[in-house]
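Asker: One structure is given below, represented as structure tokens, and several questions about it will come after.
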Amino acid sequence: MKNIFYFMWVITLAHFGTISLQAEKAGHEINVRIEGCATGDTLKLGYHYGNKQYMQDTSVVSAEGFATFEGEEALDGGVYFVVIPDHGYFEFLVDEQYFTLETKLDDYIKNMKVTGSKENEIFYNYLNFIHDKKEVKKGLQEQKETEKNEKKLASIQKKLDKLDEEVNDYRKKMNQKNSKSFYVKYLNAHDEPEIPEPPKNEDGTIDSTFRFKYYKAHFFDNIDFTDTRFTRTPLYQQKITQYLDKLTPQIPDSLNKAVDYIIEKSRPNESLFKYLTISLLNKYAKSKIMGMDAIYVHMIDTYYAKGETPWVDSVQLFKMKDRANTIRPNLIGKKAPPLRLKDDKGQWHDIHKMDAPYIVLYFWDPDCGHCKKSTPKVLQFSKDYKEKGVEVIGITTEHEGEKWFKYINEHKLDWINLADLKYQNNFRKLYDISGTPRIFILDPDRTIIAKRIGADNLPGFMDRILGK
């Protein structure tokens, strides 16, 4: 039986799209009274958005003991929180727009009194119920850890099982009685898929991957992708992150399919579609993991370039498409863009005509501080791996010839040194060299198999490639 007490504190939601139930009156007014707060104390109203928290409003405690958060516009649905300086915070749901919350500093949950909000009655009734059951369970588990008598152990286990049944019964009744409650929907969204026994093949064997495949296929069963309020919950972002980072192979083809699957589920709701296309694009645009830029390019091509993101203005869209076009030629798995340059002796070199099985392209700048730390490491790598079929090619990104020659001679860079001193080659754009140092590794077919790898990681990576 899964741990039903997992649901104890799972209620940090937040504030995004349209609420399912609109109050008859326009605007909102939430009155908060906390016994123990003094007149003049400032309380803050906040909300979650994805995996971040934001402040919505502030209010000063009046002489009557109330802090009032009010405005002419309705608050977006979800769960908000009130921050009490030096005394933590407590959370509550926003569905109704006019209600009152009264509690005490020593225990916000136990002392909470709700007026005018059915959602918060359900919320706090459940939290208090589950808190009491958790205390009982804790005591029984402590007894179980020290008890040696088998009869008494069986009796304790029976009580624990009974406790689980009580919680399950409570949740079932709560679901039946409050089927349209957002809190009930949110709570149920935490439920893990119940995986059936794997079917047996004709020879009696079972598919060892069945459980994982079933779990992944049903991972989002309890998430309503048409309810915008879910975007204001940490759960929504956590679920998506888990699906992409833990349940999906970290290779572009698999991730592209997973991203499309999630986004397509959101299409019925314009706000959710917008949330996901923005948040997932940002996720992979900022990723430090090698190769994840392919997902960025895929998303630009699939959604942004096709006019499915009307909230993006033409200038920004042009920049995003241009960025994707810059990344596209140097994605991992692509043939390395053409590179034909002169070396420090005036001889031409074409990387696609070189004999070395593997080529490491090291783009650097004599004045670059990071390069001064990386270059000695790459130089040592060059010496250690040349006999293993790895050719290191150093390519300066600058055009000051004297400075380049001087650095080569002083540091004895005996690899192939190439430069474009007259800016006649567009390798900077083809390889997306916006800074230095930059390292690319090419296989015998001159396909890019790694890029932007650190100098310290070169030996380990090549050892794996060479099967060492």
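Naming works like this for the structure tokens: A, B, ... for the chains as they're shown, residue 1 at the start of each chain, ligands 1 onward in shown order.
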Neighbours of stretch 277-284 of chain A within 9 Å (only C-alpha atoms; same-chain residues fewer than 2 positions away dropped), as a list of chain:residue names?

Answerer: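 Result of the neighbour search: A:Gly50, A:Val259, A:Ile263, A:Leu272, A:Phe273, A:Lys274, A:Tyr275, A:Lys286, A:Ser287, A:Lys288, A:Ile289, A:Met292, A:Asp293, A:Ala294, A:Ile295, A:Tyr296, A:Met299, A:Ile300, A:Tyr303, A:Tyr304, A:Thr309.
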
Asker: Write a file of the just-selected residues containing N, CA and C atoms, as a PDB file, in the first residue's frame.

Answerer:
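Output file part37.pdb follows:
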ATOM      1  N   GLY A  50       5.001  27.936 -11.073  1.00  0.00           N
ATOM      2  CA  GLY A  50       5.998  26.924 -11.416  1.00  0.00           C
ATOM      3  C   GLY A  50       6.788  26.572 -10.168  1.00  0.00           C
ATOM      4  N   VAL A 259       8.559  16.438 -25.279  1.00  0.00           N
ATOM      5  CA  VAL A 259       8.125  17.839 -25.238  1.00  0.00           C
ATOM      6  C   VAL A 259       6.851  18.013 -26.061  1.00  0.00           C
ATOM      7  N   ILE A 263       3.177  19.263 -24.658  1.00  0.00           N
ATOM      8  CA  ILE A 263       2.579  20.487 -25.200  1.00  0.00           C
ATOM      9  C   ILE A 263       1.248  20.188 -25.874  1.00  0.00           C
ATOM     10  N   LEU A 272      -2.414  27.415 -20.807  1.00  0.00           N
ATOM     11  CA  LEU A 272      -1.494  26.317 -20.520  1.00  0.00           C
ATOM     12  C   LEU A 272      -0.523  26.100 -21.673  1.00  0.00           C
ATOM     13  N   PHE A 273      -1.023  26.198 -22.877  1.00  0.00           N
ATOM     14  CA  PHE A 273      -0.161  26.054 -24.057  1.00  0.00           C
ATOM     15  C   PHE A 273       0.934  27.121 -24.031  1.00  0.00           C
ATOM     16  N   LYS A 274       0.550  28.333 -23.694  1.00  0.00           N
ATOM     17  CA  LYS A 274       1.521  29.421 -23.613  1.00  0.00           C
ATOM     18  C   LYS A 274       2.535  29.153 -22.502  1.00  0.00           C
ATOM     19  N   TYR A 275       2.037  28.754 -21.344  1.00  0.00           N
ATOM     20  CA  TYR A 275       2.912  28.464 -20.205  1.00  0.00           C
ATOM     21  C   TYR A 275       3.962  27.421 -20.572  1.00  0.00           C
ATOM     22  N   LYS A 286      18.452  27.405 -21.606  1.00  0.00           N
ATOM     23  CA  LYS A 286      19.398  27.661 -20.514  1.00  0.00           C
ATOM     24  C   LYS A 286      20.148  26.417 -20.074  1.00  0.00           C
ATOM     25  N   SER A 287      19.834  25.278 -20.656  1.00  0.00           N
ATOM     26  CA  SER A 287      20.442  24.023 -20.216  1.00  0.00           C
ATOM     27  C   SER A 287      21.955  24.023 -20.404  1.00  0.00           C
ATOM     28  N   LYS A 288      22.649  23.515 -19.392  1.00  0.00           N
ATOM     29  CA  LYS A 288      24.108  23.383 -19.455  1.00  0.00           C
ATOM     30  C   LYS A 288      24.519  21.988 -19.931  1.00  0.00           C
ATOM     31  N   ILE A 289      23.522  21.152 -20.210  1.00  0.00           N
ATOM     32  CA  ILE A 289      23.813  19.787 -20.651  1.00  0.00           C
ATOM     33  C   ILE A 289      24.087  19.783 -22.147  1.00  0.00           C
ATOM     34  N   MET A 292      21.484  19.667 -25.547  1.00  0.00           N
ATOM     35  CA  MET A 292      20.100  20.064 -25.298  1.00  0.00           C
ATOM     36  C   MET A 292      19.648  21.240 -26.166  1.00  0.00           C
ATOM     37  N   ASP A 293      20.587  21.901 -26.826  1.00  0.00           N
ATOM     38  CA  ASP A 293      20.200  23.004 -27.726  1.00  0.00           C
ATOM     39  C   ASP A 293      19.382  22.485 -28.913  1.00  0.00           C
ATOM     40  N   ALA A 294      19.453  21.178 -29.169  1.00  0.00           N
ATOM     41  CA  ALA A 294      18.661  20.599 -30.254  1.00  0.00           C
ATOM     42  C   ALA A 294      17.159  20.686 -29.951  1.00  0.00           C
ATOM     43  N   ILE A 295      16.813  20.622 -28.658  1.00  0.00           N
ATOM     44  CA  ILE A 295      15.406  20.741 -28.290  1.00  0.00           C
ATOM     45  C   ILE A 295      14.941  22.182 -28.496  1.00  0.00           C
ATOM     46  N   TYR A 296      15.815  23.126 -28.202  1.00  0.00           N
ATOM     47  CA  TYR A 296      15.491  24.541 -28.449  1.00  0.00           C
ATOM     48  C   TYR A 296      15.187  24.757 -29.932  1.00  0.00           C
ATOM     49  N   MET A 299      11.840  23.225 -30.915  1.00  0.00           N
ATOM     50  CA  MET A 299      10.678  23.990 -30.455  1.00  0.00           C
ATOM     51  C   MET A 299      10.475  25.254 -31.284  1.00  0.00           C
ATOM     52  N   ILE A 300      11.554  25.918 -31.634  1.00  0.00           N
ATOM     53  CA  ILE A 300      11.430  27.106 -32.491  1.00  0.00           C
ATOM     54  C   ILE A 300      10.808  26.711 -33.826  1.00  0.00           C
ATOM     55  N   TYR A 303       6.903  25.269 -33.184  1.00  0.00           N
ATOM     56  CA  TYR A 303       5.856  26.126 -32.624  1.00  0.00           C
ATOM     57  C   TYR A 303       6.032  27.612 -32.966  1.00  0.00           C
ATOM     58  N   TYR A 304       7.209  28.148 -32.737  1.00  0.00           N
ATOM     59  CA  TYR A 304       7.406  29.591 -32.904  1.00  0.00           C
ATOM     60  C   TYR A 304       7.456  30.002 -34.365  1.00  0.00           C
ATOM     61  N   THR A 309       2.694  31.051 -31.696  1.00  0.00           N
ATOM     62  CA  THR A 309       2.967  31.783 -30.457  1.00  0.00           C
ATOM     63  C   THR A 309       2.702  33.276 -30.678  1.00  0.00           C
TER      64      THR A 309
END

Asker: Please identify all polymer residues within 10 Å of A:Phe212, counting only C-alpha atoms, omitting same-chain residues fewer than 4 positions from it, and present them as a PyMOL selection string.

Answerer: chain A and resi 195+208+216-218+247

Asker: Which residues are close to A:Phe81, i.e. within 6 Å by only C-alpha atoms, leaving aside same-chain residues fewer than 3 positions away? Reply as a list of chain:residue names.

Answerer: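 In the requested form, the answer reads A:Leu45, A:Gly46, A:Phe90, A:Glu91.
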
Asker: Which residues, written as a PyMOL selection string, have at least one atom at most 8 Å from A:Thr436, with only C-alpha atoms counted and residues fewer than 5 positions away on the same chain left out?

Answerer: chain A and resi 363-365+368+370-371

Asker: I'd like the neighbourhood of A:Ile223 as a CSV table (one decimal) with N, CA and C atoms, in the first residue's frame, where a residue qualifies if any of its atoms comes within 10 Å (using only C-alpha atoms), though same-chain residues fewer than 6 positions away should be ignored.

Answerer:
chain,number,residue,atom,x,y,z
A,185,LYS,N,-9.1,17.9,-6.6
A,185,LYS,CA,-8.5,17.6,-7.9
A,185,LYS,C,-6.9,17.6,-7.7
A,186,TYR,N,-6.5,18.6,-7.0
A,186,TYR,CA,-5.0,18.8,-6.8
A,186,TYR,C,-4.5,17.7,-6.0
A,188,ASN,N,-5.6,14.7,-5.6
A,188,ASN,CA,-5.6,13.4,-6.4
A,188,ASN,C,-4.5,13.4,-7.4
A,189,ALA,N,-4.1,14.6,-7.9
A,189,ALA,CA,-3.1,14.6,-8.9
A,189,ALA,C,-1.7,14.1,-8.4
A,190,HIS,N,-1.6,14.0,-7.1
A,190,HIS,CA,-0.4,13.5,-6.5
A,190,HIS,C,-0.3,12.0,-6.5
A,191,ASP,N,-1.5,11.3,-6.8
A,191,ASP,CA,-1.5,9.9,-6.8
A,191,ASP,C,-0.6,9.3,-7.9
A,230,PHE,N,-3.5,24.6,-12.4
A,230,PHE,CA,-2.4,23.7,-12.1
A,230,PHE,C,-1.0,24.3,-12.4
A,235,LEU,N,3.5,21.3,-8.0
A,235,LEU,CA,3.3,19.9,-8.5
A,235,LEU,C,3.3,19.9,-10.1
A,236,TYR,N,2.7,20.8,-10.7
A,236,TYR,CA,2.7,20.8,-12.2
A,236,TYR,C,4.1,20.8,-12.8
A,239,LYS,N,6.0,17.6,-11.9
A,239,LYS,CA,5.6,16.4,-12.7
A,239,LYS,C,6.3,16.5,-14.1

Asker: Out of stretch 45-293 of chain A, which residues get strand (DSSP E or B) from DSSP, as number ranges by chain?

Answerer: A: 45-49, 52-60, 66-71, 78-83, 89-94, 98-104, 113-115, 200, 206
